[in-house]
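Text of data_8.tsv, listed as TSV, C-alpha atoms and all ligand atoms:
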```tsv
chain	number	residue	atom	x	y	z
A	171	MET	CA	81.97	95.58	106.18
A	172	ILE	CA	85.48	94.33	106.85
A	173	VAL	CA	88.16	95.01	104.23
A	174	LEU	CA	91.08	92.91	103.09
A	175	PRO	CA	94.03	95.28	103.49
A	176	ALA	CA	96.74	95.10	100.85
A	177	LEU	CA	100.12	93.86	101.97
A	178	PRO	CA	102.47	96.69	103.03
A	179	TYR	CA	105.18	95.22	100.73
A	180	ALA	CA	105.42	93.20	97.54
A	181	TYR	CA	104.51	89.51	97.60
A	182	ASP	CA	108.14	88.55	97.03
A	183	ALA	CA	109.64	91.13	99.43
A	184	LEU	CA	110.22	88.69	102.29
A	185	GLN	CA	111.98	85.98	100.32
A	186	PRO	CA	113.69	83.73	101.21
A	187	VAL	CA	112.07	83.74	104.67
A	188	VAL	CA	108.57	83.68	103.18
A	189	SER	CA	108.21	82.71	99.53
A	190	GLU	CA	106.08	84.63	97.06
A	191	THR	CA	103.90	81.54	96.65
A	192	THR	CA	103.24	81.30	100.37
A	193	MET	CA	102.51	85.01	100.61
A	194	ARG	CA	100.07	84.98	97.71
A	195	THR	CA	98.22	81.96	99.08
A	196	HIS	CA	98.30	83.21	102.65
A	197	HIS	CA	97.04	86.71	101.91
A	198	ASP	CA	94.90	86.24	98.80
A	199	LYS	CA	93.26	82.94	99.83
A	200	HIS	CA	93.42	82.44	103.60
A	201	HIS	CA	93.11	86.01	104.87
A	202	ALA	CA	90.66	86.82	102.09
A	203	ARG	CA	88.47	83.87	103.09
A	204	TYR	CA	88.37	84.90	106.76
A	205	VAL	CA	87.30	88.38	105.66
A	206	GLU	CA	84.69	86.95	103.27
A	207	VAL	CA	83.12	84.67	105.89
A	208	THR	CA	83.15	87.42	108.50
A	209	ASN	CA	81.34	89.75	106.11
A	210	GLN	CA	78.78	87.05	105.23
A	211	MET	CA	78.06	86.52	108.91
A	212	LEU	CA	77.88	90.26	109.66
A	213	ALA	CA	75.40	90.68	106.80
A	214	ASP	CA	73.22	88.01	108.41
A	215	THR	CA	73.39	89.69	111.84
A	216	PRO	CA	71.60	93.06	111.81
A	217	GLY	CA	73.22	95.57	114.12
A	218	GLU	CA	76.49	93.65	114.33
A	219	GLN	CA	78.88	96.17	112.80
A	220	GLY	CA	81.69	98.43	113.90
A	221	PRO	CA	85.46	98.08	113.96
A	222	LEU	CA	86.74	94.53	113.61
A	223	GLU	CA	88.27	94.66	117.10
A	224	GLN	CA	84.81	95.25	118.58
A	225	VAL	CA	83.24	92.51	116.43
A	226	VAL	CA	85.86	90.07	117.76
A	227	THR	CA	85.39	91.06	121.40
A	228	ARG	CA	81.58	90.94	121.25
A	229	ALA	CA	81.63	87.56	119.47
A	230	TRP	CA	83.92	86.18	122.17
A	231	HIS	CA	81.74	87.36	125.04
A	232	ARG	CA	78.49	86.05	123.58
A	233	GLY	CA	80.05	82.74	122.55
A	234	ALA	CA	79.52	83.19	118.81
A	235	ARG	CA	82.32	80.80	117.96
A	236	LYS	CA	82.13	80.75	114.16
A	237	LEU	CA	82.02	84.54	113.93
A	238	PHE	CA	84.78	84.83	116.53
A	239	ASN	CA	87.04	82.35	114.75
A	240	ASN	CA	86.74	84.04	111.37
A	241	ALA	CA	86.77	87.63	112.63
A	242	ALA	CA	89.74	86.99	114.95
A	243	GLN	CA	91.64	85.30	112.15
A	244	ALA	CA	90.97	88.30	109.91
A	245	LEU	CA	92.22	90.57	112.70
A	246	ASN	CA	95.30	88.48	113.47
A	247	HIS	CA	96.36	88.33	109.84
A	248	GLY	CA	96.00	92.10	109.45
A	249	PHE	CA	98.31	92.53	112.42
A	250	PHE	CA	100.69	89.80	111.23
A	251	TRP	CA	101.43	91.50	107.89
A	252	ASP	CA	102.64	94.59	109.74
A	253	CYS	CA	104.86	92.46	111.98
A	254	MET	CA	107.07	91.66	109.00
A	255	SER	CA	109.26	93.89	106.90
A	256	PRO	CA	111.99	93.57	104.27
A	257	HIS	CA	113.76	96.44	106.05
A	258	LEU	CA	115.50	94.81	108.98
A	259	ALA	CA	116.79	96.54	112.08
A	260	PRO	CA	117.38	95.08	115.52
A	261	PRO	CA	115.39	96.19	118.56
A	262	SER	CA	116.74	99.45	119.95
A	263	GLY	CA	116.20	102.01	122.69
A	264	ASP	CA	113.79	101.32	125.53
A	265	LEU	CA	112.30	98.30	123.75
A	266	ALA	CA	115.74	96.67	123.67
A	267	GLN	CA	116.06	97.42	127.40
A	268	ALA	CA	112.61	95.96	128.12
A	269	LEU	CA	113.54	92.81	126.19
A	270	GLY	CA	116.68	92.52	128.27
A	271	ARG	CA	114.76	92.96	131.53
A	272	ALA	CA	112.16	90.35	130.59
A	273	PHE	CA	114.28	87.72	128.91
A	274	GLY	CA	117.89	88.50	129.74
A	275	GLY	CA	118.99	88.32	126.14
A	276	ASP	CA	117.03	85.13	125.43
A	277	ALA	CA	113.93	86.61	123.81
A	278	ARG	CA	114.73	84.92	120.51
A	279	ALA	CA	115.19	81.50	122.13
A	280	GLU	CA	112.02	81.93	124.20
A	281	PHE	CA	109.93	83.02	121.21
A	282	ILE	CA	111.12	80.07	119.13
A	283	ALA	CA	110.70	77.61	122.01
A	284	GLN	CA	107.13	78.73	122.67
A	285	GLY	CA	106.28	78.63	118.99
A	286	LEU	CA	107.77	75.18	118.64
A	287	GLY	CA	106.11	73.90	121.79
A	288	HIS	CA	102.65	75.10	120.81
A	289	PHE	CA	100.49	72.13	119.87
A	290	GLY	CA	98.55	72.55	116.64
A	291	SER	CA	97.50	75.79	115.01
A	292	GLY	CA	97.78	79.18	116.64
A	293	TRP	CA	99.96	82.22	117.12
A	294	VAL	CA	103.03	83.16	119.16
A	295	TRP	CA	103.02	86.72	120.47
A	296	LEU	CA	105.41	89.19	122.05
A	297	THR	CA	103.21	91.37	124.25
A	298	ALA	CA	103.51	94.32	126.61
A	299	GLU	CA	101.40	95.07	129.64
A	300	ARG	CA	102.28	98.11	131.75
A	301	GLY	CA	105.80	98.03	130.33
A	302	VAL	CA	106.39	94.35	131.08
A	303	LEU	CA	107.04	92.08	128.11
A	304	SER	CA	105.79	88.51	127.77
A	305	ILE	CA	105.81	85.78	125.15
A	306	VAL	CA	102.58	83.80	124.93
A	307	THR	CA	100.74	81.60	122.46
A	308	THR	CA	97.06	81.42	121.55
A	309	HIS	CA	95.20	78.51	119.99
A	310	ASP	CA	93.55	78.50	116.58
A	311	GLY	CA	92.04	81.97	115.96
A	312	ASP	CA	92.27	83.22	119.50
A	313	THR	CA	93.93	86.59	119.84
A	314	VAL	CA	95.57	88.72	122.52
A	315	LEU	CA	93.98	91.68	120.76
A	316	ARG	CA	90.84	90.91	122.79
A	317	HIS	CA	92.72	91.23	126.10
A	318	GLU	CA	92.24	94.64	127.65
A	319	GLY	CA	95.49	96.22	128.79
A	320	VAL	CA	97.64	93.90	126.70
A	321	THR	CA	99.38	95.36	123.65
A	322	PRO	CA	100.86	92.94	121.11
A	323	LEU	CA	104.23	94.01	119.75
A	324	LEU	CA	104.80	91.13	117.32
A	325	VAL	CA	103.06	87.94	116.28
A	326	CYS	CA	104.10	84.96	114.18
A	327	ASP	CA	101.53	82.70	112.52
A	328	LEU	CA	101.90	79.06	113.60
A	329	TRP	CA	99.28	77.64	111.25
A	330	GLU	CA	100.80	75.21	108.77
A	331	HIS	CA	99.48	77.33	105.88
A	332	ALA	CA	102.05	79.95	106.99
A	333	TYR	CA	105.12	77.79	106.46
A	334	TYR	CA	104.43	74.32	105.08
A	335	LEU	CA	105.13	75.20	101.43
A	336	ASP	CA	108.52	76.66	102.38
A	337	TYR	CA	109.64	74.61	105.39
A	338	ARG	CA	107.47	71.47	105.30
A	339	ASN	CA	107.17	70.26	108.89
A	340	ASP	CA	110.21	72.21	110.17
A	341	ARG	CA	108.45	74.85	112.27
A	342	GLY	CA	111.72	75.62	114.07
A	343	ALA	CA	113.45	76.65	110.85
A	344	TYR	CA	110.49	78.84	109.99
A	345	LEU	CA	110.49	80.51	113.41
A	346	SER	CA	114.22	81.17	113.48
A	347	GLY	CA	114.16	82.44	109.88
A	348	TRP	CA	111.20	84.65	110.75
A	349	TRP	CA	112.83	86.16	113.85
A	350	ASP	CA	116.16	86.75	112.09
A	351	GLY	CA	114.92	87.79	108.67
A	352	ALA	CA	111.40	89.19	108.80
A	353	ALA	CA	110.48	90.54	112.25
A	354	ASN	CA	109.60	94.23	112.06
A	355	TRP	CA	111.20	95.79	115.13
A	356	ALA	CA	110.32	99.33	114.06
A	357	PHE	CA	106.67	98.28	114.23
A	358	ALA	CA	107.24	96.54	117.58
A	359	GLN	CA	108.79	99.76	118.91
A	360	ARG	CA	105.71	101.77	117.89
A	361	GLN	CA	103.48	99.24	119.59
A	362	TYR	CA	105.65	99.39	122.71
A	363	GLU	CA	105.25	103.17	122.72
A	364	ALA	CA	101.50	102.65	122.42
A	365	SER	CA	101.52	100.25	125.37
A	366	LEU	CA	103.01	103.07	127.44
A	367	GLY	CA	100.41	105.54	126.25
A	368	ARG	CA	102.90	107.52	124.17
A	369	ALA	CA	101.51	106.65	120.73
A	370	GLU	CA	98.44	105.39	118.94
A	371	GLY	CA	98.32	101.60	118.78
A	372	TRP	CA	97.71	99.47	115.74
A	373	ALA	CA	94.14	99.12	114.49
A	374	TYR	CA	92.73	96.95	111.72
A	375	PRO	CA	92.48	99.06	108.55
A	376	ALA	CA	89.01	100.43	107.93
A	377	VAL	CA	89.70	100.96	104.24
A	378	PRO	CA	91.96	99.01	101.87
A	379	VAL	CA	95.54	100.20	102.25
A	380	ALA	CA	97.37	100.88	99.03
A	381	ALA	CA	100.40	98.64	98.75
A	382	THR	CA	103.63	100.59	98.78
A	383	ALA	CA	105.04	98.08	96.34
A	384	SER	CA	102.56	96.40	94.05
A	385	ALA	CA	102.89	92.77	93.04
A	401	FE2	FE	97.67	82.42	108.57
```

Could you show the structure in this file as structure tokens?
Amino acid sequence: MIVLPALPYAYDALQPVVSETTMRTHHDKHHARYVEVTNQMLADTPGEQGPLEQVVTRAWHRGARKLFNNAAQALNHGFFWDCMSPHLAPPSGDLAQALGRAFGGDARAEFIAQGLGHFGSGWVWLTAERGVLSIVTTHDGDTVLRHEGVTPLLVCDLWEHAYYLDYRNDRGAYLSGWWDGAANWAFAQRQYEASLGRAEGWAYPAVPVAATASA
């Protein structure tokens, strides 16, 4: 049984970058539906249980596309909520140094360019592998969380349901607003520590998480 974790902030906490309307629809309708379909499919598949990460990986390897799409989307959205915060702070410490090594001060431009250049629905990720940072995109529900040895630090949702109410077709404005006004660098730092084996990495919540600020 997969849960729908509560947002770690109030629905309106990320305004004006993400409106309350978008957040309510995105979390309460889209993420909730991915969780609902995943649970329906798990109920119809005896023995197919376990942490969502394992459900996603097994579905990928046995080519169960519908289960993979819904389970991976549930997983990605759980990760995405933690990649945003109303408490902004720039990258610091060894993560800031790693960003400099990988992108020479152009991480923001590279992230936005890759997000803008991605055709159709998907996700743009900042990842770490053995201390080396990369920016990559995945299509539709596909997820770097199924890639062994790769630790995602941040992800931004490129599906139109993530930004169309607020930005219409202007994905670039959404991406720049997101990077400047919502990206959770404290979370990215923890994930970077995890990629180096110094901390526990993110995992999809096994039980509903109480919102720190209710709607
Ligand atoms: Fe989404």

Per residue of chain A within 8 Å of ligand FE2 401 (chain A), what are the shortest atom pair and its distance in Å to one decimal, counting only C-alpha atoms and all ligand atoms, with rows by chain and residue number, as JSON lines?
```
{"residue": "A:His196", "atom": "CA", "partner": "A:FE2_401", "partner_atom": "FE", "distance": 6.0}
{"residue": "A:His197", "atom": "CA", "partner": "A:FE2_401", "partner_atom": "FE", "distance": 7.9}
{"residue": "A:His200", "atom": "CA", "partner": "A:FE2_401", "partner_atom": "FE", "distance": 6.5}
{"residue": "A:His201", "atom": "CA", "partner": "A:FE2_401", "partner_atom": "FE", "distance": 6.9}
{"residue": "A:Gln243", "atom": "CA", "partner": "A:FE2_401", "partner_atom": "FE", "distance": 7.6}
{"residue": "A:His247", "atom": "CA", "partner": "A:FE2_401", "partner_atom": "FE", "distance": 6.2}
{"residue": "A:Asp327", "atom": "CA", "partner": "A:FE2_401", "partner_atom": "FE", "distance": 5.5}
{"residue": "A:Leu328", "atom": "CA", "partner": "A:FE2_401", "partner_atom": "FE", "distance": 7.4}
{"residue": "A:Trp329", "atom": "CA", "partner": "A:FE2_401", "partner_atom": "FE", "distance": 5.7}
{"residue": "A:Glu330", "atom": "CA", "partner": "A:FE2_401", "partner_atom": "FE", "distance": 7.9}
{"residue": "A:His331", "atom": "CA", "partner": "A:FE2_401", "partner_atom": "FE", "distance": 6.0}
{"residue": "A:Ala332", "atom": "CA", "partner": "A:FE2_401", "partner_atom": "FE", "distance": 5.3}
```

Could you save those same residues with C-alpha atoms as a short mmCIF file (atom, residue, chain, number, x, y, z; two decimals), keeping the file's coordinate frame?
```cif
data_model
loop_
_atom_site.label_atom_id
_atom_site.label_comp_id
_atom_site.auth_asym_id
_atom_site.auth_seq_id
_atom_site.Cartn_x
_atom_site.Cartn_y
_atom_site.Cartn_z
CA HIS A 196 98.30 83.21 102.65
CA HIS A 197 97.04 86.71 101.91
CA HIS A 200 93.42 82.44 103.60
CA HIS A 201 93.11 86.01 104.87
CA GLN A 243 91.64 85.30 112.15
CA HIS A 247 96.36 88.33 109.84
CA ASP A 327 101.53 82.70 112.52
CA LEU A 328 101.90 79.06 113.60
CA TRP A 329 99.28 77.64 111.25
CA GLU A 330 100.80 75.21 108.77
CA HIS A 331 99.48 77.33 105.88
CA ALA A 332 102.05 79.95 106.99
#
```

Would you be able to write out as an MDAnalysis selection string which residues have an atom within 7 Å of (89.1, 92.4, 116.8) in the file's coordinates, counting only C-alpha atoms? chainID A and resid 222:227 241:242 245 315:316

Using all atoms listed in the file, can you tell me which of A:Tyr179, A:Ala373, A:Arg338, A:Gly275 comes closest to Trp251 in chain A? A:Tyr179

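Considering the residues A:Leu269, A:Val294, A:Ala183, A:Ala279 and counting only C-alpha atoms, His309 in chain A has its shortest atom-to-atom contact with A:Val294.
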
List the residues sitting within 12 Å of (76.8, 92.6, 113.3) in the file's frame, using all atoms listed in the file, as a PyMOL selection string. chain A and resi 171-172+208-222+224-229+234+237-238+241

Spatial neighbours of range 259-261 of chain A, 9 Å, only C-alpha atoms, chain gap at least 6 places, as a PyMOL selection string: chain A and resi 267+269+353-356+358-359

Considering only C-alpha atoms, return as a list of chain:residue names whatever protein or nucleic-acid residues lie within 9 Å of Met193 in chain A, sequence-local ones (same chain, fewer than 6 positions apart) excluded. A:Tyr181, A:Asp182, A:Leu184, A:Ala332

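Atom to atom, CA of Tyr344 in chain A and CA of Ala244 in chain A stand 21.7 Å apart.
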
Between CA of Val314 in chain A and CA of Ser365 in chain A, what distance in Å does the model show, to one decimal? 13.3 Å
